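Visitor: Could you have a look at this structure, given as structure tokens, before my questions?
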Amino acid sequence: MASVHESLYFNPMMTNGVVHANVFGIKDCVTPYKMALLVLLSELGRAGAQLSLLERRRLNRLLLPLLQGPDMMLSRLHKAIKESCPNLANSVQIRIKLMAEGELKDMEQFFDDLSDSFTGTEPEVHKTSVVGLFLRHMILAYNKLSFSQVYKLYTALQQYYQNDEKKTGIDETDMELTNTDELEGKMEKEELDVPLREEEISCSGPLSQKQAEYFLSQQASLLKNDETKALTPAFLQKELNNLLKFNPDFAEAHYLSYLNSLRVQDVFSSTHSLLHYFDRLILTGAESKSNGDEGYGRSLRYAALNLAALHCRFGHYQQAELALQEAIRIAQESNDHVCLQHCLSWLYILEQKRSDSCVLLEHSVKKAVHFGLPYLASLGIQSLVQQRAFAGKTANKLMDALKDSDLLHWKHSLSELIDISIAQKTAIWRLYGRSTMALQQAQMLLSMNSLEAVNVGVQQNNTESFAVVLCHLAELHAEQGCFAAASEILKHLKERFPPSSQHAQLWMLFDQKIQFDRAMNDGKYHVADSFVAGITALNSIEGVYRKAIVLKAQNQMSEAHKLLQKLLIHCQNIKNTEMVISVLLSIAELYWRSSCHTIALPVLLQALALSREYRLQYLASETVLNLAFSQLILGIPEQALNILHTAIEPILAHGAVLDKGCAMFLVAKCQVASAASYSPQKKAEALESAILNLNEAKTYFAKVDCKEQLRDVLYFQARLFHTLGNTQERNKCAMLFRQVHQELPAHGVPLINAFK
Amino acid sequence: GESLGKMAATAVVPGLGSSDFSDLREIKKQLLSVAERSRERGLQHSGKWASELAFALDPLPLSELPAAPVLTEEDARDLDAYTLAKSYFDLKEYDRAAYFLRGCKSQKAYFLYMYSRYLSGEKKKDDETVDSLGPLEKGQVKNEALRELRVELSKKHKAQELDGFGLYLYGVVLRKLDLVKEAIDVFVEAAHVLPLHWGAWLELCNLITDKEMLKCLSLPDTWMKEFFLAHIYTELQLIEEALQKYQSLIDAGFSKSTYIISQIAVAYHNIRDIDKALSIFNELRKQDPYRIENMDTFSNLLYVRSMKPELSYLAHNLCEIDKYRVETCCVIGNYYSLRSQHEKAALYFQRALKLNPRYLGAWTLMGHEYMEMKNTSAAIQAYRHAIEVNKRDYRAWYGLGQTYEILKMPFYCLYYYRRAHQLRPNDSRMLVALGECYEKLNQLVEAKKCYWRAYAVGDVEKMALVKLAKLHEQLNESEQAAQCYIKYIQDIYSCGEIVEHLEVSTAFRYLAQYYFKCKLWDEASACAQKCCAFNDTREEGKALLRQILQLRNQGETSSTEISAPFFLPAALSSNNTPTRRVSPLNLSSVTP
């Protein structure tokens, strides 16, 4: 809506209609609330000597927030004063009542009397004090009003008072904004016997500038720190639209609307809002300095940069790059190094999506340090660490780098980066297969948060680092067979990161992965298969891999093989080493399942070499297990036992429960196999120890509900007891075997031929 | 109940039931009577519209003039109050009029009562806007009367006590309260009850945003519907359909209607058929010399054609008639803009906006002025305001794009050009602008697509082909480049204008060289000769001619060596020979 007022913008004689000389951020405009404050001040002057020292002190402390804060309801103001000094509160209330129920001249008289406080030999209020400035501002603003404006102010005061009268009794703890809405909505409903639609109710009450600013900053900080506490996207958008309807020049509202659209992944309206925001911003920039560096040239650069960020967020990398180029060019033209630095970081992010060169990044870190941008510098270091971790650098070097950047963070108290750093450590430990360390780091971040809340008061609750850490925690618990705990964590994640939020995809993936694993353990392959689609949607590589696993489990060997070969080539291209090794292992498994152990061996050796090179301990151990198994089948159990001994330690220390079980099972098998050539005495000993190992494996398998493996173990144990002549134990095992066997569908895979 | 029956009886007059124009006398009678009734209710604009249209038809003999409406008992009771109130109303003393009309029961008096209250609220709102309490309250003033009016009118509406005018007022109130859906329903109802009232149709035009919405409406089948359809087609940029409708209205006997003539002129303006539009506007001014409406559009046309004396005359003329009209300010603004006095132009556009803040065109025009003054930030603001008033203003989107292009942000402005293009998919200017941006971003494939499309939809500025040719040239696609230049030259000469086109020489030069490379000596020398006609290519042309002559002399011997397939791949030659053959033919007939 274009009002006459707005056209004043273009009058070079006027400056936006807003007086800029506001020391305390008070806009020079008299509102009923401001009048109530004036009444308070004058009462304060009148009461003067009667107040006790304590009351006086409390009131003085109260005044500053009242002067600077947003307009509030009379009742709330009354309550605030009452807490400091009940007598004063009552006299303020009475004077406002007298004024509101009196005539216009009462208000006029009030303002006439106000200036008296400056006169006299010893004035009550000093002219340049905080209160004095406020008083003078108000008197000046009042004197500028025309008669009709004065009258309007008076009616507004009456309204203010009457609203409050009506309101007493209604709960007021909630935000005023929503409260008044509801109230007016109710009034409307009573007035009209026509049914009203929801939209009509919400578009009633306009906010004052201060209220609007407060609302915006509150919601923006909530969006950043704790999204769940912010208004829902739809409702927030409605409020913003309402705000913009009455205050079309409120540029910040457009930015918030941009953020809000991002929450719901709406490309179209977020672009629209972002550009609109910068269009509006350019005006305010132009006012401060016509076209210099600080003026709107600056917002132009950042406009382009933000656009790049937006496209990157939605995965439009080509467009993002174009926008970024533009930002870089404009920034270069105006020698804005800070902006250029930001651009450089973004450039790295974009490059990273395609190639893995880190020259840019190193350059960026150096430059950022040079220009004194610690935030960008350590963000760069963190990215570098991440990249080096994938490239197989040793843990101590990475941890050193992270430690150095941590020093930087603590120095500049960049709490957000500290969080990221810890989350990164968790992830790196996981990558290296050190679950205990990962667990420790994850717990550290989670408990550190409570520490920080005490110190700073800003609780960042929905950052990516938290999502990452919590997801890892869930997976770590699931690995140890604590499924209840894992699902508890996931439930918490769901609450903290609602499905529409930015980081929700993370837990969605982890949730499905965990469920997939459980279904596989359970032998419910069709259930596992149903998760594949979901996983693929979130991470295509992971999805394809899981599909292959399901196919393999369902004995569709050739399809699985085809899929894995394709995946292998793809992962080798994009240098996803972790996945390459996993795929190699699966391929090897396919080979030995088809009894081609000799073909499996080179594949396994390749996997082993890779995992050692990249220091992926966890995968290396698993490869060793596979190798040992192949050796067992190839008839060299002693050799197998030898290499098993190297692998068993890290597996027992850090591995998942399932792996522990498999490892113990394999050890037992090797023991039995190698015992064949032993003397009877020694053989019995070996078998006894194998039975013990099988018992351990059994407890591990029971923990993660692996019925199939459990059945195999029982069968094996029964055979061993039989060999040892322990009939009672044998029968027990046999019975248990039968029970489990009846529950499970029969499979074509020979029992002994599988270790997994 | 009873009064409604009477209303219906007076509303549904024979001949109105169908949309045929066979009985023009009947139509004229209806128009005269509805003009009278509108005026009685203070609906000046509808009255004006009906009288204008009636004026275009042949005068009726005395015997056939519509009789004065029969007064009912209720009317007679309210007559005194009504007469008094109407005179207050005419003097814009709305509150006073409403006061004396309270309690009146007759339809006419009741309408005037409600309408006075509505207008009083509107007037107060406008006054308040000027002295609100500082910038915070800006935009927060609203017509306080609306809510009460809605309550009362909705009660009456439920009880079915509203006549056509009453429904119209109810619709207006709903629209002002942003209840668009309800408003549309009520306006449709109003059109059914009283199809002759143009105001209701016009309100519908403002509320319907696309063709689909239009299709969904069930409208009364009367001859008024034809006027409505023609109008809304113009609004929705469906110019072909609109022109057809207007033509059939003229054929039906409304040839003298200034309203229709002006609408046709606006339609031609919208499809940028400037000459036709200009001639129609000139005709209109002859018939109706003191007309101010639509003159801003006329001035836009004069501006585009840089017709300074005509524009100056128009500005003087309008200024004499009424200088405090939005249209006048706009014409003067355009005049100053044409004289490159952009500050003054901006001032006049500002004045237009002060006269009517909802006058959309001025925001956009002001943006253009600020652009001329190189005040990009003010221009952005002005365009943004224009978009706020009307999101579908493609000129403002285009202007925003241009602004950012000037700020050297080709990627950034893509968004704005795209918006403009969405609104005017067949306007070549947006496409060319898009293409230029893509070219700057080095996205040559997209750029080529844009230029080609711009040519395909009918290029206004005739630049798309040259740009496309240059792109092909850049990409070493000489075949396509040559084809584009050929088409370009054909285009330029076929439209008959012998305007000095800068790029014609470039085209000939390229073609000459192209044919030279292909060793098509005849064509090459023809083109080279054309080159000689232009200053900047004369020397090159002469040099080329000499070379050709030289090679030709040798060529008698060497031509056998160079076989045709060497430079003409089979696929291409089959494709291109027709155009190649065509072009030299055409060129010979051209006299630059």
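Chain labels A, B, ... are given in the sequence in which chains occur in the structure tokens; within each chain residues are numbered consecutively from 1, and ligands are likewise numbered from 1 in the order shown.
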I'd like the neighbourhood of region 145-149 of chain B as an NGL selection string, where a residue qualifies if any of its atoms comes within 10 Å (using only C-alpha atoms), though same-chain residues fewer than 5 positions away should be ignored.

Guide: (:A and (188 or 191-192)) or (:B and (114-115 or 117-122 or 124-125 or 154-155 or 169-170 or 172-174 or 176-177))

Visitor: Can you tell me, as a PyMOL selection string, what residues are no more than 12 Å from Lys225 (chain B) when counting only C-alpha atoms, ignoring any on the same chain fewer than 5 positions away?

Guide: chain B and resi 16-21+188+191-192+194-198+200-202+204-205+217-220+230-233+245+249

Visitor: Limited to N, CA, C and O atoms, could you put the picked residues into a file as a compact mmCIF listing (two decimals), in the first residue's frame?

Guide:
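Result saved to selection_38.txt:
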```txt
# COMPACT_ATOMS: atom_id res chain seq x y z
N LEU B 16 -32.78 -7.25 -22.13
CA LEU B 16 -31.54 -7.33 -21.39
C LEU B 16 -31.10 -8.78 -21.20
O LEU B 16 -29.96 -9.06 -20.90
N GLY B 17 -32.05 -9.64 -21.38
CA GLY B 17 -31.79 -11.04 -21.09
C GLY B 17 -30.74 -11.68 -21.97
O GLY B 17 -30.17 -12.68 -21.62
N SER B 18 -30.48 -11.12 -23.10
CA SER B 18 -29.52 -11.77 -23.99
C SER B 18 -28.45 -10.76 -24.38
O SER B 18 -28.59 -9.56 -24.18
N SER B 19 -27.39 -11.31 -24.93
CA SER B 19 -26.27 -10.43 -25.22
C SER B 19 -26.30 -9.96 -26.68
O SER B 19 -25.27 -9.72 -27.27
N ASP B 20 -27.48 -9.81 -27.30
CA ASP B 20 -27.46 -9.33 -28.69
C ASP B 20 -27.72 -7.84 -28.73
O ASP B 20 -28.29 -7.25 -27.80
N PHE B 21 -27.23 -7.22 -29.76
CA PHE B 21 -27.30 -5.78 -29.85
C PHE B 21 -28.32 -5.33 -30.90
O PHE B 21 -28.19 -4.27 -31.47
N VAL B 188 -20.36 -10.47 -8.32
CA VAL B 188 -21.03 -11.28 -9.34
C VAL B 188 -22.54 -11.24 -9.12
O VAL B 188 -23.33 -11.08 -10.06
N ALA B 191 -23.83 -8.01 -10.31
CA ALA B 191 -23.93 -7.97 -11.76
C ALA B 191 -25.17 -8.71 -12.24
O ALA B 191 -25.78 -8.34 -13.24
N HIS B 192 -25.56 -9.76 -11.52
CA HIS B 192 -26.77 -10.48 -11.90
C HIS B 192 -28.02 -9.67 -11.63
O HIS B 192 -28.93 -9.61 -12.45
N LEU B 194 -28.27 -6.33 -11.11
CA LEU B 194 -28.35 -5.08 -11.86
C LEU B 194 -27.20 -5.03 -12.87
O LEU B 194 -26.17 -4.42 -12.62
N PRO B 195 -27.37 -5.69 -13.99
CA PRO B 195 -26.25 -5.80 -14.95
C PRO B 195 -25.85 -4.45 -15.54
O PRO B 195 -24.74 -4.30 -16.04
N LEU B 196 -26.73 -3.48 -15.48
CA LEU B 196 -26.43 -2.21 -16.14
C LEU B 196 -25.43 -1.37 -15.38
O LEU B 196 -24.88 -0.42 -15.90
N HIS B 197 -25.19 -1.71 -14.13
CA HIS B 197 -24.32 -0.87 -13.31
C HIS B 197 -22.86 -1.19 -13.60
O HIS B 197 -22.34 -2.22 -13.19
N TRP B 198 -22.19 -0.32 -14.30
CA TRP B 198 -20.81 -0.57 -14.76
C TRP B 198 -19.84 -0.70 -13.58
O TRP B 198 -18.86 -1.43 -13.64
N ALA B 200 -19.95 -2.23 -10.76
CA ALA B 200 -19.77 -3.59 -10.25
C ALA B 200 -18.85 -4.38 -11.19
O ALA B 200 -17.95 -5.10 -10.75
N TRP B 201 -19.06 -4.21 -12.49
CA TRP B 201 -18.22 -4.91 -13.47
C TRP B 201 -16.77 -4.47 -13.34
O TRP B 201 -15.84 -5.27 -13.38
N LEU B 202 -16.61 -3.16 -13.16
CA LEU B 202 -15.25 -2.62 -13.09
C LEU B 202 -14.52 -3.15 -11.87
O LEU B 202 -13.33 -3.49 -11.93
N LEU B 204 -15.03 -5.98 -10.50
CA LEU B 204 -14.67 -7.37 -10.83
C LEU B 204 -13.37 -7.40 -11.63
O LEU B 204 -12.50 -8.22 -11.38
N CYS B 205 -13.25 -6.48 -12.57
CA CYS B 205 -12.04 -6.41 -13.39
C CYS B 205 -10.80 -6.27 -12.52
O CYS B 205 -9.76 -6.86 -12.80
N LEU B 217 -16.17 -17.85 -13.26
CA LEU B 217 -17.29 -17.00 -12.84
C LEU B 217 -18.53 -17.32 -13.66
O LEU B 217 -18.44 -17.60 -14.86
N SER B 218 -19.68 -17.29 -12.99
CA SER B 218 -20.92 -17.42 -13.77
C SER B 218 -21.52 -16.02 -13.88
O SER B 218 -21.98 -15.45 -12.91
N LEU B 219 -21.44 -15.47 -15.07
CA LEU B 219 -21.85 -14.08 -15.26
C LEU B 219 -23.18 -14.02 -15.98
O LEU B 219 -23.52 -14.92 -16.75
N PRO B 220 -23.93 -12.96 -15.74
CA PRO B 220 -25.22 -12.84 -16.43
C PRO B 220 -25.01 -12.68 -17.93
O PRO B 220 -24.04 -12.07 -18.37
N ALA B 230 -14.39 -7.38 -22.85
CA ALA B 230 -13.39 -6.61 -23.60
C ALA B 230 -12.45 -5.90 -22.63
O ALA B 230 -11.23 -5.91 -22.81
N HIS B 231 -13.04 -5.34 -21.58
CA HIS B 231 -12.23 -4.60 -20.62
C HIS B 231 -11.24 -5.51 -19.91
O HIS B 231 -10.06 -5.21 -19.79
N ILE B 232 -11.75 -6.65 -19.47
CA ILE B 232 -10.87 -7.50 -18.67
C ILE B 232 -9.81 -8.16 -19.55
O ILE B 232 -8.68 -8.38 -19.11
N TYR B 233 -10.13 -8.41 -20.80
CA TYR B 233 -9.10 -8.95 -21.70
C TYR B 233 -7.95 -7.95 -21.83
O TYR B 233 -6.78 -8.32 -21.86
N LYS B 245 -13.28 -8.15 -29.44
CA LYS B 245 -14.51 -7.77 -28.75
C LYS B 245 -14.87 -6.33 -29.09
O LYS B 245 -16.02 -6.02 -29.39
N LEU B 249 -18.12 -4.69 -30.93
CA LEU B 249 -18.97 -3.67 -30.29
C LEU B 249 -19.15 -2.48 -31.23
O LEU B 249 -20.25 -1.92 -31.35
```

Visitor: Using only C-alpha atoms, which residue out of B:Glu240, B:Cys319, B:Lys462, B:Leu284 lies closest to Thr258 (chain B)?

Guide: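 Result for the nearest residue to Thr258 (chain B): B:Leu284.
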
Visitor: Using only C-alpha atoms, which of the listed residues (A:Gly543, A:Gly315, A:Gly481, A:Pro498) sits closest to Asp529 (chain A)?

Guide: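 The shortest atom-to-atom distance to Asp529 (chain A) comes from A:Gly543.
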
Visitor: Going by DSSP on the backbone, which bits of region 281-502 of chain B are alpha helix (DSSP H)? Write them as a PyMOL selection string, please.

Guide: chain B and resi 281-287+295-304+308-321+326-338+342-355+360-372+376-389+394-406+410-423+428-440+444-456+464-474+478-494+502

Visitor: Return the single residue from B:His157, B:Arg285, B:Lys354, B:Arg175 that is closest to chain A, with distances computed using only C-alpha atoms.

Guide: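 Of the candidates, the smallest distance to chain A is held by B:Lys354.
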